[in-house]
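Colleague: Got a structure for you, questions after.
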Amino acid sequence: MRLTTKGRFAVTAMIDLALRCADGPVSLAGISERQKISLSYLEQLFGKLRRYGLVDSVRGPGGGYCLARQTSEMTVTDIIRAVDEPLDATQCGGRENCRDDERCMTHELWSTLNDKMYDFLSSVTLAELVDQQLQKRGGHVAVMQDARRTRQRTRAKTVAVGG
């Protein structure tokens, strides 16, 4: 039983997004660069995450992705399910036809592992994973500034002040 890169990358990207989205939408290019995940792969994953209601997309200059729910309301299982990642240690996908269309001797063992894995991953929230990263970094996250976003804020401040 192993979790494929699809599930691993989705969880990693969601942690990255959650760490940085307080300042506005986060670009997939930024996540790609920081996490060393292919941009085209991230685009596929985030399309699924958006359809599942975990992220929202913002179009246009300074656009990107932001969280659609609070981090405390998202579990690792939600993320993995959103990207169609199966959590299954059985060879038969739960159909009980593991060995010549019959249940194998270890089916119950792997089925129980599935239940334990699901319970564990359902108990871990995105908020907990973000907190772990913040603790590792002493509460600080280096945010790559998008030059377009910085210029827009500067212009907005100038206009608001009357410049």
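Residue numbers start at 1 in each chain; chains themselves are named A, B, ... in the order of the structure tokens; ligands are numbered from 1 in the order shown.
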Give me, as a PDB file with C-alpha atoms, in the first residue's frame, all polymer residues having an atom no more than 12 Å from stretch 114-129 of chain A, counting only C-alpha atoms and skipping those fewer than 5 positions away in the same chain.
Modeller:
```pdb
ATOM      1  CA  MET A   1       0.000   0.000   0.000  1.00  0.00           C
ATOM      2  CA  ARG A   2       1.333   3.363  -0.933  1.00  0.00           C
ATOM      3  CA  LEU A   3       0.008   6.794  -1.567  1.00  0.00           C
ATOM      4  CA  GLY A   7      -2.043  12.471  -3.275  1.00  0.00           C
ATOM      5  CA  ALA A  10      -1.939  17.591  -3.588  1.00  0.00           C
ATOM      6  CA  VAL A  11      -1.414  17.663   0.191  1.00  0.00           C
ATOM      7  CA  THR A  12       1.935  19.439  -0.188  1.00  0.00           C
ATOM      8  CA  ALA A  13       0.468  22.053  -2.535  1.00  0.00           C
ATOM      9  CA  MET A  14      -2.473  22.671  -0.199  1.00  0.00           C
ATOM     10  CA  ILE A  15      -0.109  23.258   2.729  1.00  0.00           C
ATOM     11  CA  ASP A  16       1.893  25.699   0.610  1.00  0.00           C
ATOM     12  CA  LEU A  17      -1.304  27.492  -0.431  1.00  0.00           C
ATOM     13  CA  ALA A  18      -2.609  27.661   3.134  1.00  0.00           C
ATOM     14  CA  LEU A  19       0.696  29.116   4.368  1.00  0.00           C
ATOM     15  CA  LEU A  54     -11.502  23.049  -1.521  1.00  0.00           C
ATOM     16  CA  LEU A  67      -8.765  28.341   0.028  1.00  0.00           C
ATOM     17  CA  ARG A  69     -12.859  26.669   3.346  1.00  0.00           C
ATOM     18  CA  GLN A  70     -11.129  27.182   6.646  1.00  0.00           C
ATOM     19  CA  THR A  71      -8.059  24.991   7.116  1.00  0.00           C
ATOM     20  CA  SER A  72      -9.654  23.507  10.229  1.00  0.00           C
ATOM     21  CA  GLU A  73     -12.543  22.269   8.062  1.00  0.00           C
ATOM     22  CA  MET A  74     -10.347  20.353   5.576  1.00  0.00           C
ATOM     23  CA  THR A  75      -8.810  16.970   6.272  1.00  0.00           C
ATOM     24  CA  VAL A  76      -6.092  15.087   4.453  1.00  0.00           C
ATOM     25  CA  THR A  77      -8.793  12.640   3.347  1.00  0.00           C
ATOM     26  CA  ASP A  78     -10.743  15.499   1.725  1.00  0.00           C
ATOM     27  CA  ILE A  79      -7.682  16.497  -0.281  1.00  0.00           C
ATOM     28  CA  ILE A  80      -6.840  12.955  -1.337  1.00  0.00           C
ATOM     29  CA  ARG A  81     -10.423  12.210  -2.343  1.00  0.00           C
ATOM     30  CA  PRO A  86      -7.657   5.707  -3.846  1.00  0.00           C
ATOM     31  CA  LEU A  87      -6.908   4.773  -0.261  1.00  0.00           C
ATOM     32  CA  ASP A  88      -6.911   1.038  -0.669  1.00  0.00           C
ATOM     33  CA  ALA A  89      -4.393  -1.556   0.488  1.00  0.00           C
ATOM     34  CA  THR A  90      -6.327  -4.484  -0.975  1.00  0.00           C
ATOM     35  CA  GLN A  91      -5.381  -5.885  -4.362  1.00  0.00           C
ATOM     36  CA  GLY A  93     -10.213  -2.620  -4.664  1.00  0.00           C
ATOM     37  CA  GLY A  94     -12.572  -4.008  -2.007  1.00  0.00           C
ATOM     38  CA  HIS A 107      -8.225  -9.574   2.557  1.00  0.00           C
ATOM     39  CA  GLU A 108      -9.490  -8.778   6.055  1.00  0.00           C
ATOM     40  CA  LEU A 109      -6.042  -7.590   7.128  1.00  0.00           C
ATOM     41  CA  LEU A 134       5.034  27.152  11.133  1.00  0.00           C
ATOM     42  CA  GLN A 135       6.569  25.546  14.222  1.00  0.00           C
ATOM     43  CA  LYS A 136       9.428  24.147  12.137  1.00  0.00           C
TER      44      LYS A 136
END
```
Colleague: I need the residues in chain A that are strand (DSSP E) according to DSSP; give them as a count of residues only.
Modeller: 8
Colleague: So how far away is atom CA of A:Gln44 from atom CA of A:Ser32, in Å?
Modeller: 12.5 Å
Colleague: Taking the backbone alone, and naming residues the way the document does, which bits of stretch 1-81 of chain A are helix (DSSP H, G or I) by DSSP, as a PyMOL selection string?
Modeller: chain A and resi 5-23+28-35+39-51+71-73+76-81
